[in-house]
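Below is query.cif, which holds mmCIF, C-alpha atoms and all ligand atoms.
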```
data_coords
#
loop_
_atom_site.group_PDB
_atom_site.id
_atom_site.type_symbol
_atom_site.label_atom_id
_atom_site.label_comp_id
_atom_site.auth_asym_id
_atom_site.auth_seq_id
_atom_site.Cartn_x
_atom_site.Cartn_y
_atom_site.Cartn_z
ATOM 1 C CA MET A 1 -51.449 -7.161 10.283
ATOM 2 C CA THR A 2 -54.957 -6.319 9.182
ATOM 3 C CA SER A 3 -56.852 -9.244 7.748
ATOM 4 C CA PHE A 4 -60.339 -9.505 6.356
ATOM 5 C CA VAL A 5 -63.326 -11.723 5.854
ATOM 6 C CA VAL A 6 -65.591 -10.630 3.041
ATOM 7 C CA ASP A 7 -69.222 -11.494 2.314
ATOM 8 C CA ALA A 8 -70.315 -13.407 -0.783
ATOM 9 C CA MET A 9 -71.443 -10.245 -2.623
ATOM 10 C CA LEU A 10 -67.996 -8.666 -2.489
ATOM 11 C CA GLY A 11 -65.914 -10.880 -4.760
ATOM 12 C CA LYS A 12 -64.315 -7.920 -6.478
ATOM 13 C CA VAL A 13 -63.280 -6.338 -3.183
ATOM 14 C CA ALA A 14 -61.781 -9.672 -2.092
ATOM 15 C CA LEU A 15 -59.847 -9.996 -5.351
ATOM 16 C CA TRP A 16 -58.235 -6.560 -5.043
ATOM 17 C CA LEU A 17 -57.444 -6.973 -1.362
ATOM 18 C CA ARG A 18 -55.636 -10.224 -2.139
ATOM 19 C CA LEU A 19 -53.712 -8.656 -5.000
ATOM 20 C CA ALA A 20 -52.741 -5.840 -2.631
ATOM 21 C CA GLY A 21 -51.337 -8.490 -0.298
ATOM 22 C CA LYS A 22 -54.071 -8.567 2.320
ATOM 23 C CA ASP A 23 -55.015 -11.858 3.926
ATOM 24 C CA THR A 24 -58.674 -12.113 2.844
ATOM 25 C CA ILE A 25 -61.131 -14.936 3.366
ATOM 26 C CA TYR A 26 -63.832 -15.022 0.726
ATOM 27 C CA SER A 27 -66.029 -17.727 -0.640
ATOM 28 C CA PRO A 28 -69.384 -17.450 -2.388
ATOM 29 C CA ASP A 29 -70.590 -20.275 -0.127
ATOM 30 C CA ILE A 30 -69.976 -18.833 3.337
ATOM 31 C CA ASN A 31 -73.186 -17.951 5.181
ATOM 32 C CA ASP A 32 -73.705 -15.072 7.620
ATOM 33 C CA ASP A 33 -73.202 -17.131 10.753
ATOM 34 C CA GLU A 34 -69.936 -18.501 9.428
ATOM 35 C CA LEU A 35 -68.748 -15.022 8.455
ATOM 36 C CA LEU A 36 -69.377 -13.757 11.981
ATOM 37 C CA GLU A 37 -67.645 -16.768 13.481
ATOM 38 C CA ILE A 38 -64.568 -16.362 11.283
ATOM 39 C CA ALA A 39 -64.405 -12.631 12.058
ATOM 40 C CA LYS A 40 -64.569 -13.368 15.770
ATOM 41 C CA ASN A 41 -62.289 -16.402 15.983
ATOM 42 C CA GLN A 42 -59.627 -15.127 13.612
ATOM 43 C CA ASN A 43 -59.855 -11.486 14.588
ATOM 44 C CA ARG A 44 -60.659 -10.398 11.036
ATOM 45 C CA ILE A 45 -62.448 -7.274 9.881
ATOM 46 C CA LEU A 46 -65.801 -8.166 8.357
ATOM 47 C CA LEU A 47 -66.603 -6.353 5.121
ATOM 48 C CA THR A 48 -70.207 -6.588 4.037
ATOM 49 C CA SER A 49 -72.797 -4.947 1.823
ATOM 50 C CA ASP A 50 -75.602 -6.304 3.993
ATOM 51 C CA ALA A 51 -76.878 -3.821 6.602
ATOM 52 C CA GLU A 52 -78.373 -6.543 8.747
ATOM 53 C CA LEU A 53 -75.145 -8.531 8.874
ATOM 54 C CA HIS A 54 -73.250 -5.331 9.603
ATOM 55 C CA ASN A 55 -75.553 -4.670 12.568
ATOM 56 C CA ARG A 56 -75.103 -8.180 13.888
ATOM 57 C CA ALA A 57 -71.331 -7.767 13.690
ATOM 58 C CA GLU A 58 -71.490 -4.461 15.551
ATOM 59 C CA GLU A 59 -73.685 -5.979 18.235
ATOM 60 C CA ALA A 60 -71.081 -8.697 18.662
ATOM 61 C CA CYS A 61 -68.405 -5.947 19.008
ATOM 62 C CA LEU A 62 -66.608 -7.076 15.863
ATOM 63 C CA GLU A 63 -64.731 -4.693 13.626
ATOM 64 C CA THR A 64 -66.839 -4.307 10.503
ATOM 65 C CA MET A 65 -67.424 -1.981 7.579
ATOM 66 C CA LEU A 66 -70.619 -1.603 5.556
ATOM 67 C CA LEU A 67 -69.909 -1.100 1.878
ATOM 68 C CA ARG A 68 -72.227 0.808 -0.418
ATOM 69 C CA GLY A 69 -72.236 1.997 -4.016
ATOM 70 C CA THR A 70 -70.717 0.448 -7.114
ATOM 71 C CA ALA A 71 -68.104 -2.286 -7.036
ATOM 72 C CA ASP A 72 -65.385 0.284 -7.760
ATOM 73 C CA GLN A 73 -66.607 2.626 -5.030
ATOM 74 C CA ARG A 74 -66.497 -0.273 -2.601
ATOM 75 C CA VAL A 75 -62.920 -1.145 -3.522
ATOM 76 C CA ALA A 76 -61.878 2.503 -3.181
ATOM 77 C CA ALA A 77 -63.686 2.900 0.159
ATOM 78 C CA VAL A 78 -61.925 -0.135 1.667
ATOM 79 C CA PHE A 79 -58.497 0.918 0.414
ATOM 80 C CA HIS A 80 -59.113 4.398 1.779
ATOM 81 C CA GLN A 81 -60.468 3.272 5.142
ATOM 82 C CA PHE A 82 -57.571 0.916 5.866
ATOM 83 C CA SER A 83 -54.858 3.017 4.193
ATOM 84 C CA ILE A 84 -54.015 0.315 1.664
ATOM 85 C CA ASN A 85 -51.685 1.449 -1.073
ATOM 86 C CA PRO A 86 -53.352 1.017 -4.486
ATOM 87 C CA LYS A 87 -50.145 -0.295 -6.042
ATOM 88 C CA ILE A 88 -49.874 -3.980 -6.770
ATOM 89 C CA ASP A 89 -46.530 -5.582 -6.049
ATOM 90 C CA PRO A 90 -46.881 -9.248 -7.034
ATOM 91 C CA SER A 91 -44.082 -10.181 -4.626
ATOM 92 C CA LYS A 92 -46.458 -9.214 -1.833
ATOM 93 C CA SER A 93 -49.732 -10.385 -3.347
ATOM 94 C CA ARG A 94 -51.853 -13.242 -2.092
ATOM 95 C CA CYS A 95 -53.259 -15.753 -4.554
ATOM 96 C CA SER A 96 -56.268 -14.078 -6.168
ATOM 97 C CA LYS A 97 -58.097 -17.415 -6.334
ATOM 98 C CA CYS A 98 -57.525 -18.949 -2.917
ATOM 99 C CA ASN A 99 -55.724 -16.400 -0.677
ATOM 100 C CA GLY A 100 -52.654 -18.680 -0.528
ATOM 101 C CA ILE A 101 -49.150 -17.277 -0.081
ATOM 102 C CA LEU A 102 -47.161 -16.947 -3.297
ATOM 103 C CA THR A 103 -43.574 -18.021 -3.842
ATOM 104 C CA GLU A 104 -41.571 -15.997 -6.304
ATOM 105 C CA ILE A 105 -39.880 -18.037 -9.031
ATOM 106 C CA ASP A 106 -37.131 -16.482 -11.109
ATOM 107 C CA SER A 107 -35.188 -17.749 -14.104
ATOM 108 C CA SER A 108 -32.841 -19.813 -11.911
ATOM 109 C CA ASP A 109 -35.571 -22.103 -10.596
ATOM 110 C CA LYS A 110 -38.061 -21.645 -13.392
ATOM 111 C CA GLU A 111 -38.159 -25.377 -14.083
ATOM 112 C CA ARG A 112 -40.303 -25.831 -10.991
ATOM 113 C CA ILE A 113 -43.324 -24.437 -12.824
ATOM 114 C CA LYS A 114 -42.623 -25.871 -16.267
ATOM 115 C CA ASP A 115 -45.513 -28.330 -16.134
ATOM 116 C CA LEU A 116 -47.933 -25.756 -14.706
ATOM 117 C CA VAL A 117 -48.007 -23.202 -17.544
ATOM 118 C CA PHE A 118 -48.257 -23.209 -21.330
ATOM 119 C CA GLU A 119 -44.953 -23.719 -23.071
ATOM 120 C CA GLN A 120 -45.191 -20.334 -24.767
ATOM 121 C CA THR A 121 -45.703 -18.612 -21.413
ATOM 122 C CA TYR A 122 -42.848 -20.565 -19.892
ATOM 123 C CA ASN A 123 -40.483 -19.489 -22.633
ATOM 124 C CA HIS A 124 -41.589 -15.873 -22.713
ATOM 125 C CA TYR A 125 -41.409 -14.923 -19.017
ATOM 126 C CA ASP A 126 -38.673 -15.147 -16.404
ATOM 127 C CA ARG A 127 -40.591 -14.221 -13.287
ATOM 128 C CA PHE A 128 -43.500 -16.213 -11.941
ATOM 129 C CA TRP A 129 -45.390 -16.506 -8.686
ATOM 130 C CA LEU A 130 -46.516 -19.927 -7.566
ATOM 131 C CA CYS A 131 -49.374 -20.322 -5.095
ATOM 132 C CA ASN A 132 -48.289 -22.579 -2.241
ATOM 133 C CA GLU A 133 -51.882 -23.748 -1.777
ATOM 134 C CA CYS A 134 -53.588 -24.238 -5.145
ATOM 135 C CA ARG A 135 -50.430 -24.372 -7.332
ATOM 136 C CA ARG A 136 -51.708 -21.737 -9.715
ATOM 137 C CA VAL A 137 -48.975 -19.779 -11.435
ATOM 138 C CA PHE A 138 -49.114 -16.013 -11.997
ATOM 139 C CA PHE A 139 -46.980 -13.863 -14.248
ATOM 140 C CA GLN A 140 -47.054 -10.297 -15.490
ATOM 141 C CA GLY A 141 -48.789 -11.018 -18.762
ATOM 142 C CA GLY A 142 -51.221 -8.949 -20.808
ATOM 143 C CA GLN A 143 -53.632 -8.582 -17.915
ATOM 144 C CA TRP A 144 -50.966 -6.709 -15.966
ATOM 145 C CA THR A 145 -51.670 -3.487 -17.891
ATOM 146 C CA ASN A 146 -55.330 -3.746 -16.877
ATOM 147 C CA ILE A 147 -54.378 -4.278 -13.241
ATOM 148 C CA SER A 148 -52.228 -1.148 -13.269
ATOM 149 C CA LYS A 149 -54.916 0.874 -15.038
ATOM 150 C CA TYR A 150 -57.562 -0.219 -12.599
ATOM 151 C CA MET A 151 -55.408 0.678 -9.609
ATOM 152 C CA LYS A 152 -54.817 4.139 -11.098
ATOM 153 C CA ARG A 153 -58.563 4.576 -11.234
ATOM 154 C CA ILE A 154 -58.937 3.463 -7.629
ATOM 155 C CA GLU A 155 -56.135 5.836 -6.649
ATOM 156 C CA ARG A 156 -58.073 8.749 -8.169
ATOM 157 C CA MET A 157 -61.230 7.682 -6.345
ATOM 158 C CA ILE A 158 -59.324 7.472 -3.046
ATOM 159 C CA GLN A 159 -57.997 10.968 -3.665
ATOM 160 C CA MET A 160 -61.577 12.188 -4.103
ATOM 161 C CA LEU A 161 -62.603 10.490 -0.870
ATOM 162 C CA LYS A 162 -59.714 12.219 0.929
ATOM 163 C CA GLU A 163 -60.819 15.578 -0.414
ATOM 164 C CA THR A 164 -64.420 15.088 0.641
ATOM 165 C CA ILE A 165 -65.127 16.760 3.944
ATOM 166 C CA GLN A 166 -66.612 14.126 6.163
ATOM 167 C CA PRO A 167 -69.638 15.275 8.168
ATOM 168 C CA LEU A 168 -69.224 14.714 11.912
HETATM 169 ZN ZN ZN B 201 -54.008 -20.261 -4.757
#
```

Can you dump the structure from the file as structure tokens?
Amino acid sequence: MTSFVVDAMLGKVALWLRLAGKDTIYSPDINDDELLEIAKNQNRILLTSDAELHNRAEEACLETMLLRGTADQRVAAVFHQFSINPKIDPSKSRCSKCNGILTEIDSSDKERIKDLVFEQTYNHYDRFWLCNECRRVFFQGGQWTNISKYMKRIERMIQMLKETIQPL
């Protein structure tokens, strides 16, 4: 399965890749040498907005993509390039904060997360996702509408990229 390592400038790209279920290493503190090492040792695709780093990766025969434009254009370009479906299924998502794998919690074992969320949230929802690494809990709250809206926008941008005739 395709996995990524993303430079410090591309936090938004990392966030959406994780939500889309892609194993994505990102930290604002990783330097260029470390990024190249991770890409090489873990066989990850290096996404960067830095032309120099992109060149270094190519010279080292690593799979890499140089991202340009606005944050949204970058997200759309990556989803397009790697044929990632712009639909978020939280059962497949990675933790947006730490890239950990999520465990789905339904009403039958809901008690497991009782101490990790506000009481109101606990009472209101029956489906949660617990990060195995950082123990954060996710649920389809108010922000879910924004996630869906944003993905619709990315879907339209991908469609435009598909319709653009690429010069040879
Ligand atoms: Zn986590």

Next item on the list: Name the residues, by chain letter and number, that sit within 10 Å of ligand ZN 201 (chain B) using only C-alpha atoms and all ligand atoms, and give them as a PyMOL selection string.
Entry: chain A and resi 94-102+130-138

Check: Written as a ChimeraX atom specification, which residues does the PyMOL selection byres (((chain A and resi 160-164) around 10) and not hetatm) give for the file shown?
Finding: /A:73,76-77,80-81,154-159,165-167

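Using all atoms listed in the file, the protein and nucleic acid residues lying at most 10 Å from the point (-64.8, -8.5, 13.0) are Ser3, Phe4, Val5, Leu35, Leu36, Glu37, Ile38, Ala39, Lys40, Asn41, Gln42, Asn43, Arg44, Ile45, Leu46, Leu47, His54, Ala57, Glu58, Ala60, Cys61, Leu62, Glu63, Thr64 and Met65 of chain A.
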
Item checked: Residue members of the PyMOL selection byres (((chain A and resi 48) around 6) and not hetatm) in the file shown, as a count of residues only -> 6

Check: At what distance in Å, to one decimal, does CA of Asp106 (chain A) lie from CA of Trp129 (chain A)?
Finding: 8.6 Å

Notebook entry, point to check: Which residue, A:Val75, A:Glu52, A:Arg68, A:Arg18, has the smallest gap to Tyr150 (chain A) when you use only C-alpha atoms?
Noted result: A:Val75

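CA of Ile105 (chain A) sits 5.8 Å away from CA of Arg127 (chain A).
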
Notebook entry, point to check: Interatomic distance between CA of Phe139 (chain A) and CA of Leu10 (chain A)?
Noted result: 24.6 Å

Check: Quick one: which residues end up in the PyMOL selection byres (((chain A and resi 87) around 9) and not hetatm) for this structure, as a list in words?
Finding: Ala20, Ile84, Asn85, Pro86, Ile88, Asp89, Ser148, Met151, Lys152 and Glu155 of chain A

Item checked: Nearest residue to Asp33 (chain A) from the set A:Leu116, A:Ala14, A:Leu53, A:Val78 (distances using only C-alpha atoms) ->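 Of all the options, A:Leu53 lies closest to Asp33 (chain A).
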
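Taking all atoms listed in the file into account, those protein, DNA and RNA residues with any atom at most 8 Å away from (-69.2, -7.4, -4.6) amount to Ala8, Met9, Leu10, Gly11, Lys12, Val13, Ser49, Ala71 and Arg74 of chain A.
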